[in-house]
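Data from input_38.tsv: TSV, N, CA and C atoms
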chain	number	residue	atom	x	y	z
W	1	MET	N	41.68	33.58	-1.45
W	1	MET	CA	42.43	33.56	-0.21
W	1	MET	C	42.98	32.15	0.00
W	2	ALA	N	44.16	32.04	0.51
W	2	ALA	CA	44.78	30.74	0.76
W	2	ALA	C	44.02	30.01	1.86
W	3	GLU	N	43.70	28.75	1.60
W	3	GLU	CA	42.90	27.99	2.55
W	3	GLU	C	43.71	27.45	3.71
W	4	SER	N	45.00	27.48	3.66
W	4	SER	CA	45.83	26.86	4.69
W	4	SER	C	45.81	27.64	6.00
W	5	ASN	N	45.58	28.94	5.98
W	5	ASN	CA	45.63	29.75	7.19
W	5	ASN	C	44.25	30.25	7.60
W	6	LEU	N	43.23	29.42	7.51
W	6	LEU	CA	41.88	29.88	7.79
W	6	LEU	C	41.48	29.75	9.26
W	7	ILE	N	42.05	28.82	10.00
W	7	ILE	CA	41.61	28.58	11.37
W	7	ILE	C	41.92	29.79	12.24
W	8	GLY	N	40.89	30.28	12.91
W	8	GLY	CA	41.03	31.44	13.78
W	8	GLY	C	40.68	32.75	13.10
W	9	ARG	N	40.39	32.73	11.81
W	9	ARG	CA	40.07	33.97	11.09
W	9	ARG	C	38.69	34.47	11.50
W	10	LEU	N	38.60	35.77	11.72
W	10	LEU	CA	37.34	36.42	12.04
W	10	LEU	C	36.57	36.64	10.74
W	11	CYS	N	35.28	36.34	10.74
W	11	CYS	CA	34.45	36.45	9.53
W	11	CYS	C	33.13	37.11	9.87
W	12	VAL	N	32.42	37.52	8.83
W	12	VAL	CA	31.06	38.00	8.95
W	12	VAL	C	30.22	37.18	7.98
W	13	LYS	N	29.10	36.63	8.46
W	13	LYS	CA	28.23	35.84	7.58
W	13	LYS	C	27.52	36.78	6.63
W	14	LEU	N	27.43	36.37	5.39
W	14	LEU	CA	26.79	37.20	4.36
W	14	LEU	C	25.38	36.74	4.01
W	15	SER	N	25.06	35.49	4.27
W	15	SER	CA	23.75	34.98	3.89
W	15	SER	C	23.16	34.13	5.00
W	16	GLY	N	21.87	33.94	4.92
W	16	GLY	CA	21.16	33.12	5.90
W	16	GLY	C	20.56	33.94	7.02
W	17	ARG	N	19.95	33.28	7.97
W	17	ARG	CA	19.30	33.97	9.07
W	17	ARG	C	20.29	34.67	9.99
W	18	GLU	N	21.53	34.25	9.96
W	18	GLU	CA	22.56	34.85	10.82
W	18	GLU	C	23.42	35.85	10.06
W	19	ALA	N	22.93	36.36	8.93
W	19	ALA	CA	23.70	37.30	8.10
W	19	ALA	C	24.04	38.54	8.91
W	20	GLY	N	25.28	38.99	8.79
W	20	GLY	CA	25.74	40.18	9.51
W	20	GLY	C	26.38	39.89	10.85
W	21	ARG	N	26.30	38.66	11.31
W	21	ARG	CA	26.89	38.31	12.60
W	21	ARG	C	28.34	37.88	12.43
W	22	GLU	N	29.13	38.17	13.47
W	22	GLU	CA	30.55	37.82	13.43
W	22	GLU	C	30.75	36.39	13.90
W	23	CYS	N	31.71	35.73	13.27
W	23	CYS	CA	32.01	34.34	13.62
W	23	CYS	C	33.50	34.09	13.38
W	24	VAL	N	33.94	32.93	13.82
W	24	VAL	CA	35.34	32.55	13.69
W	24	VAL	C	35.40	31.17	13.04
W	25	ILE	N	36.36	30.98	12.14
W	25	ILE	CA	36.54	29.67	11.51
W	25	ILE	C	37.26	28.77	12.51
W	26	VAL	N	36.63	27.64	12.82
W	26	VAL	CA	37.13	26.72	13.83
W	26	VAL	C	37.83	25.52	13.20
W	27	GLU	N	37.34	25.08	12.05
W	27	GLU	CA	37.87	23.87	11.43
W	27	GLU	C	37.65	23.93	9.92
W	28	GLU	N	38.58	23.38	9.17
W	28	GLU	CA	38.43	23.27	7.72
W	28	GLU	C	37.90	21.88	7.39
W	29	THR	N	36.93	21.83	6.49
W	29	THR	CA	36.40	20.55	6.05
W	29	THR	C	36.67	20.41	4.56
W	30	GLU	N	36.08	19.41	3.93
W	30	GLU	CA	36.35	19.14	2.53
W	30	GLU	C	35.87	20.26	1.62
W	31	GLY	N	36.57	20.48	0.56
W	31	GLY	CA	36.15	21.42	-0.47
W	31	GLY	C	36.16	22.87	-0.01
W	32	ASN	N	35.07	23.54	-0.28
W	32	ASN	CA	34.94	24.97	-0.03
W	32	ASN	C	34.20	25.25	1.28
W	33	PHE	N	34.20	24.30	2.21
W	33	PHE	CA	33.43	24.42	3.44
W	33	PHE	C	34.33	24.50	4.68
W	34	VAL	N	33.83	25.19	5.70
W	34	VAL	CA	34.50	25.30	6.99
W	34	VAL	C	33.46	25.18	8.10
W	35	ILE	N	33.91	24.92	9.32
W	35	ILE	CA	33.05	24.93	10.50
W	35	ILE	C	33.26	26.28	11.17
W	36	ILE	N	32.15	26.99	11.47
W	36	ILE	CA	32.24	28.30	12.10
W	36	ILE	C	31.56	28.26	13.47
W	37	ASP	N	31.93	29.22	14.31
W	37	ASP	CA	31.34	29.34	15.64
W	37	ASP	C	31.53	30.77	16.10
W	38	GLY	N	30.86	31.16	17.16
W	38	GLY	CA	30.97	32.51	17.69
W	38	GLY	C	29.60	33.07	17.98
W	39	ASN	N	29.22	34.15	17.31
W	39	ASN	CA	27.90	34.74	17.48
W	39	ASN	C	26.86	34.08	16.60
W	40	VAL	N	27.16	32.87	16.15
W	40	VAL	CA	26.26	32.07	15.31
W	40	VAL	C	26.23	30.66	15.88
W	41	ARG	N	25.29	29.86	15.38
W	41	ARG	CA	25.30	28.45	15.76
W	41	ARG	C	26.52	27.78	15.14
W	42	ARG	N	27.11	26.86	15.86
W	42	ARG	CA	28.27	26.13	15.32
W	42	ARG	C	27.76	25.26	14.19
W	43	ARG	N	28.28	25.52	12.97
W	43	ARG	CA	27.79	24.80	11.81
W	43	ARG	C	28.77	24.85	10.66
W	44	LYS	N	28.49	24.02	9.67
W	44	LYS	CA	29.26	23.97	8.44
W	44	LYS	C	28.78	25.12	7.55
W	45	CYS	N	29.72	25.82	6.93
W	45	CYS	CA	29.36	26.99	6.13
W	45	CYS	C	30.25	27.05	4.89
W	46	ASN	N	29.67	27.50	3.79
W	46	ASN	CA	30.41	27.68	2.55
W	46	ASN	C	31.27	28.94	2.65
W	47	LEU	N	32.50	28.89	2.17
W	47	LEU	CA	33.39	30.05	2.21
W	47	LEU	C	32.85	31.22	1.40
W	48	ASP	N	32.05	30.92	0.37
W	48	ASP	CA	31.46	31.99	-0.44
W	48	ASP	C	30.43	32.80	0.34
W	49	HIS	N	29.93	32.25	1.44
W	49	HIS	CA	28.93	32.93	2.26
W	49	HIS	C	29.56	33.70	3.42
W	50	LEU	N	30.88	33.80	3.44
W	50	LEU	CA	31.59	34.48	4.51
W	50	LEU	C	32.42	35.63	3.97
W	51	ASP	N	32.48	36.73	4.72
W	51	ASP	CA	33.40	37.83	4.44
W	51	ASP	C	34.56	37.65	5.41
W	52	ILE	N	35.68	37.12	4.92
W	52	ILE	CA	36.81	36.77	5.77
W	52	ILE	C	37.70	38.00	5.96
W	53	SER	N	37.99	38.35	7.21
W	53	SER	CA	38.86	39.49	7.49
W	53	SER	C	40.29	39.03	7.71
W	54	GLU	N	41.18	39.98	7.87
W	54	GLU	CA	42.60	39.67	8.08
W	54	GLU	C	42.90	39.36	9.55
W	55	LYS	N	41.97	39.68	10.44
W	55	LYS	CA	42.19	39.48	11.88
W	55	LYS	C	42.14	38.00	12.22
W	56	ILE	N	43.13	37.53	12.96
W	56	ILE	CA	43.21	36.12	13.36
W	56	ILE	C	43.17	36.04	14.88
W	57	LEU	N	42.26	35.21	15.40
W	57	LEU	CA	42.16	34.98	16.84
W	57	LEU	C	42.99	33.75	17.19
W	58	LYS	N	43.54	33.76	18.40
W	58	LYS	CA	44.38	32.64	18.83
W	58	LYS	C	43.50	31.54	19.41
W	59	ILE	N	43.12	30.60	18.56
W	59	ILE	CA	42.35	29.43	19.00
W	59	ILE	C	42.96	28.19	18.37
W	60	LYS	N	42.67	27.06	18.98
W	60	LYS	CA	43.16	25.78	18.47
W	60	LYS	C	42.19	25.24	17.42
W	61	ASN	N	42.67	24.28	16.65
W	61	ASN	CA	41.81	23.61	15.68
W	61	ASN	C	40.69	22.89	16.44
W	62	ASN	N	39.45	23.06	15.98
W	62	ASN	CA	38.27	22.44	16.58
W	62	ASN	C	38.05	22.90	18.03
W	63	ALA	N	38.28	24.18	18.31
W	63	ALA	CA	38.11	24.73	19.66
W	63	ALA	C	36.63	24.72	20.06
W	64	SER	N	36.38	24.68	21.35
W	64	SER	CA	35.01	24.66	21.85
W	64	SER	C	34.38	26.04	21.72
W	65	THR	N	33.07	26.10	21.86
W	65	THR	CA	32.34	27.36	21.75
W	65	THR	C	32.79	28.34	22.83
W	66	SER	N	33.01	27.85	24.04
W	66	SER	CA	33.43	28.73	25.13
W	66	SER	C	34.82	29.31	24.85
W	67	ASP	N	35.73	28.52	24.26
W	67	ASP	CA	37.06	29.02	23.91
W	67	ASP	C	36.97	30.11	22.84
W	68	VAL	N	36.10	29.91	21.87
W	68	VAL	CA	35.92	30.89	20.79
W	68	VAL	C	35.36	32.19	21.37
W	69	GLN	N	34.37	32.09	22.26
W	69	GLN	CA	33.77	33.28	22.84
W	69	GLN	C	34.77	34.04	23.72
W	70	LYS	N	35.62	33.32	24.45
W	70	LYS	CA	36.66	33.98	25.25
W	70	LYS	C	37.63	34.75	24.36
W	71	ALA	N	38.04	34.13	23.26
W	71	ALA	CA	38.97	34.78	22.34
W	71	ALA	C	38.33	36.03	21.72
W	72	MET	N	37.03	35.95	21.43
W	72	MET	CA	36.33	37.11	20.86
W	72	MET	C	36.24	38.24	21.88
W	73	LYS	N	36.00	37.90	23.13
W	73	LYS	CA	35.93	38.94	24.18
W	73	LYS	C	37.29	39.61	24.37
W	74	GLU	N	38.36	38.82	24.32
W	74	GLU	CA	39.71	39.37	24.48
W	74	GLU	C	40.05	40.36	23.36
W	75	GLU	N	39.51	40.15	22.17
W	75	GLU	CA	39.75	41.05	21.04
W	75	GLU	C	38.81	42.25	21.05
W	76	GLY	N	37.90	42.28	22.01
W	76	GLY	CA	36.97	43.40	22.11
W	76	GLY	C	35.74	43.27	21.24
W	77	ILE	N	35.43	42.07	20.83
W	77	ILE	CA	34.25	41.81	20.00
W	77	ILE	C	33.09	41.44	20.92
W	78	GLU	N	31.95	42.08	20.71
W	78	GLU	CA	30.78	41.82	21.55
W	78	GLU	C	30.26	40.41	21.26
W	79	VAL	N	30.07	39.63	22.32
W	79	VAL	CA	29.60	38.26	22.18
W	79	VAL	C	28.13	38.21	22.56
W	80	ILE	N	27.32	37.62	21.69
W	80	ILE	CA	25.89	37.46	21.96
W	80	ILE	C	25.71	36.11	22.64
W	81	LEU	N	25.26	36.13	23.88
W	81	LEU	CA	25.06	34.88	24.62
W	81	LEU	C	23.68	34.33	24.32
W	82	ARG	N	23.61	33.03	24.14
W	82	ARG	CA	22.33	32.38	23.88
W	82	ARG	C	21.60	32.16	25.19
W	83	LYS	N	20.27	32.11	25.11
W	83	LYS	CA	19.46	31.87	26.29
W	83	LYS	C	19.62	30.41	26.72
W	84	GLU	N	19.60	30.20	28.02
W	84	GLU	CA	19.67	28.84	28.52
W	84	GLU	C	18.31	28.19	28.39
W	85	LYS	N	18.32	26.89	28.19
W	85	LYS	CA	17.07	26.17	28.03
W	85	LYS	C	16.37	26.05	29.38
W	86	LYS	N	15.05	26.17	29.35
W	86	LYS	CA	14.26	26.02	30.56
W	86	LYS	C	14.09	24.53	30.86
W	87	ASP	N	13.90	24.24	32.14
W	87	ASP	CA	13.61	22.86	32.51
W	87	ASP	C	12.16	22.58	32.16
W	88	ASN	N	11.97	21.77	31.15
W	88	ASN	CA	10.61	21.44	30.73
W	88	ASN	C	10.05	20.35	31.62
W	89	LYS	N	8.93	20.65	32.24
W	89	LYS	CA	8.26	19.65	33.06
W	89	LYS	C	7.46	18.74	32.14
W	90	PRO	N	7.41	17.46	32.46
W	90	PRO	CA	6.63	16.57	31.59
W	90	PRO	C	5.15	16.94	31.64
W	91	ARG	N	4.52	16.95	30.49
W	91	ARG	CA	3.10	17.28	30.42
W	91	ARG	C	2.27	16.11	30.93
W	92	LEU	N	1.19	16.45	31.58
W	92	LEU	CA	0.29	15.42	32.04
W	92	LEU	C	-0.57	14.95	30.88
W	93	LYS	N	-0.70	13.66	30.75
W	93	LYS	CA	-1.52	13.12	29.68
W	93	LYS	C	-2.98	13.22	30.09
W	94	LYS	N	-3.77	13.71	29.18
W	94	LYS	CA	-5.20	13.82	29.46
W	94	LYS	C	-5.85	12.48	29.15
W	95	ASP	N	-6.63	12.05	30.08
W	95	ASP	CA	-7.29	10.77	29.91
W	95	ASP	C	-8.67	11.03	29.32
W	96	ARG	N	-8.78	10.91	28.03
W	96	ARG	CA	-9.99	11.24	27.29
W	96	ARG	C	-11.15	10.35	27.70
W	97	LYS	N	-10.90	9.08	27.91
W	97	LYS	CA	-11.98	8.15	28.24
W	97	LYS	C	-12.66	8.52	29.55
W	98	LYS	N	-11.88	8.91	30.55
W	98	LYS	CA	-12.45	9.27	31.84
W	98	LYS	C	-13.34	10.49	31.71
W	99	LYS	N	-12.95	11.47	30.91
W	99	LYS	CA	-13.74	12.67	30.74
W	99	LYS	C	-15.07	12.36	30.07
W	100	VAL	N	-15.03	11.48	29.07
W	100	VAL	CA	-16.26	11.11	28.37
W	100	VAL	C	-17.20	10.38	29.31
W	101	GLU	N	-16.67	9.49	30.13
W	101	GLU	CA	-17.49	8.74	31.09
W	101	GLU	C	-18.10	9.68	32.12
W	102	GLU	N	-17.31	10.62	32.64
W	102	GLU	CA	-17.81	11.56	33.63
W	102	GLU	C	-18.91	12.44	33.04
W	103	LYS	N	-18.76	12.84	31.80
W	103	LYS	CA	-19.74	13.69	31.14
W	103	LYS	C	-21.04	12.93	30.95
W	104	SER	N	-20.96	11.66	30.57
W	104	SER	CA	-22.18	10.87	30.36
W	104	SER	C	-22.87	10.57	31.70
W	105	LYS	N	-22.13	10.45	32.78
W	105	LYS	CA	-22.72	10.23	34.09
W	105	LYS	C	-23.49	11.47	34.55
W	106	LYS	N	-22.98	12.64	34.24
W	106	LYS	CA	-23.63	13.88	34.65
W	106	LYS	C	-24.97	14.05	33.95
W	107	THR	N	-25.06	13.72	32.71
W	107	THR	CA	-26.29	13.94	31.96
W	107	THR	C	-27.30	12.84	32.21
W	108	ASN	N	-26.85	11.59	32.35
W	108	ASN	CA	-27.70	10.42	32.59
W	108	ASN	C	-28.83	10.29	31.57
W	109	GLU	N	-28.68	10.87	30.42
W	109	GLU	CA	-29.66	10.74	29.36
W	109	GLU	C	-28.98	10.12	28.14
W	110	PRO	N	-29.71	9.32	27.40
W	110	PRO	CA	-29.13	8.80	26.15
W	110	PRO	C	-28.90	9.95	25.17
W	111	LYS	N	-28.03	9.75	24.25
W	111	LYS	CA	-27.65	10.81	23.31
W	111	LYS	C	-28.83	11.27	22.46
W	112	LYS	N	-29.69	10.36	22.03
W	112	LYS	CA	-30.81	10.74	21.17
W	112	LYS	C	-31.77	11.67	21.89
W	113	GLN	N	-32.02	11.41	23.14
W	113	GLN	CA	-32.94	12.25	23.91
W	113	GLN	C	-32.35	13.64	24.13
W	114	ARG	N	-31.08	13.73	24.34
W	114	ARG	CA	-30.45	15.04	24.54
W	114	ARG	C	-30.57	15.90	23.29
W	115	LYS	N	-30.40	15.32	22.11
W	115	LYS	CA	-30.50	16.09	20.87
W	115	LYS	C	-31.91	16.63	20.67
W	116	ASN	N	-32.90	15.81	20.96
W	116	ASN	CA	-34.29	16.22	20.75
W	116	ASN	C	-34.75	17.25	21.79
W	117	SER	N	-34.15	17.23	22.95
W	117	SER	CA	-34.59	18.12	24.02
W	117	SER	C	-34.20	19.57	23.74
W	118	LYS	N	-33.24	19.81	22.87
W	118	LYS	CA	-32.80	21.18	22.57
W	118	LYS	C	-33.74	21.85	21.68

Spell out the structure here as structure tokens.
Amino acid sequence: MAESNLIGRLCVKLSGREAGRECVIVEETEGNFVIIDGNVRRRKCNLDHLDISEKILKIKNNASTSDVQKAMKEEGIEVILRKEKKDNKPRLKKDRKKKVEEKSKKTNEPKKQRKNSK
């Protein structure tokens, strides 16, 4: 297939964890590689790993993910939306030294005596 008219082409990934998902070629890079986006993570992909169709979506070179998804919806292609990230609260650091001190205060016995008492 001629490499000059690849931008906007609808494809299906053939290999990898996203195999079978539809994507669109967003940008051409060096050699046999392109940047894809759509129902997959935006990434560099080998042309040999794509099944390129004749359908062309109207997008600009290096279009954003939202632009690609809009174009896919207009063509009637189901778009898989990714989950939004949760707000991660910072974890509280456990103070190991304080716990050890509190434990030794509760027992008030030396370690050797505790072992023998069992």

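The coordinates place CA of Arg42 (chain W) at 11.4 Å from CA of Ser66 (chain W).
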
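Between CA of Cys45 (chain W) and atom C of Ile59 (chain W) the interatomic distance comes to 18.3 Å.
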
Ile25 (chain W) environment, 6 Å, only N, CA and C atoms, sequence neighbours closer than 3 positions dropped, as a compact mmCIF listing (two decimals) with N, CA and C atoms, keeping the file's coordinate frame:
# COMPACT_ATOMS: atom_id res chain seq x y z
N LEU W 6 43.23 29.42 7.51
CA LEU W 6 41.88 29.88 7.79
C LEU W 6 41.48 29.75 9.26
N ILE W 7 42.05 28.82 10.00
CA ILE W 7 41.61 28.58 11.37
C ILE W 7 41.92 29.79 12.24
N GLY W 8 40.89 30.28 12.91
CA GLY W 8 41.03 31.44 13.78
C GLY W 8 40.68 32.75 13.10
N ARG W 9 40.39 32.73 11.81
CA ARG W 9 40.07 33.97 11.09
C ARG W 9 38.69 34.47 11.50
N LEU W 10 38.60 35.77 11.72
CA LEU W 10 37.34 36.42 12.04
C LEU W 10 36.57 36.64 10.74
N CYS W 11 35.28 36.34 10.74
CA CYS W 11 34.45 36.45 9.53
C CYS W 11 33.13 37.11 9.87
N ILE W 35 33.91 24.92 9.32
CA ILE W 35 33.05 24.93 10.50
C ILE W 35 33.26 26.28 11.17
N ILE W 36 32.15 26.99 11.47
CA ILE W 36 32.24 28.30 12.10
C ILE W 36 31.56 28.26 13.47
N ASP W 37 31.93 29.22 14.31
CA ASP W 37 31.34 29.34 15.64
C ASP W 37 31.53 30.77 16.10

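Among the candidates W:Glu102, W:Val12, W:Ala71, W:Asn5, the residue lying nearest to Ile52 (chain W) is W:Val12 (atoms considered: all atoms listed in the file).
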
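Across the model, the gap from CA of Met72 (chain W) to CA of Ile56 (chain W) is 10.2 Å.
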
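The closest residue to Glu75 (chain W), picked from W:Gly31, W:Ala63, W:Lys55, W:Pro90 and counting only C-alpha atoms, is W:Lys55.
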
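Using only C-alpha atoms, the smallest distance between any of W:Thr29, W:Lys70, W:Val79, W:Val34 and Lys58 (chain W) comes from W:Lys70.
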
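Taking all atoms listed in the file into account, Lys60 (chain W) lies nearest to W:Val26 out of the set W:Val26, W:Ile77, W:Ala19, W:Leu14.
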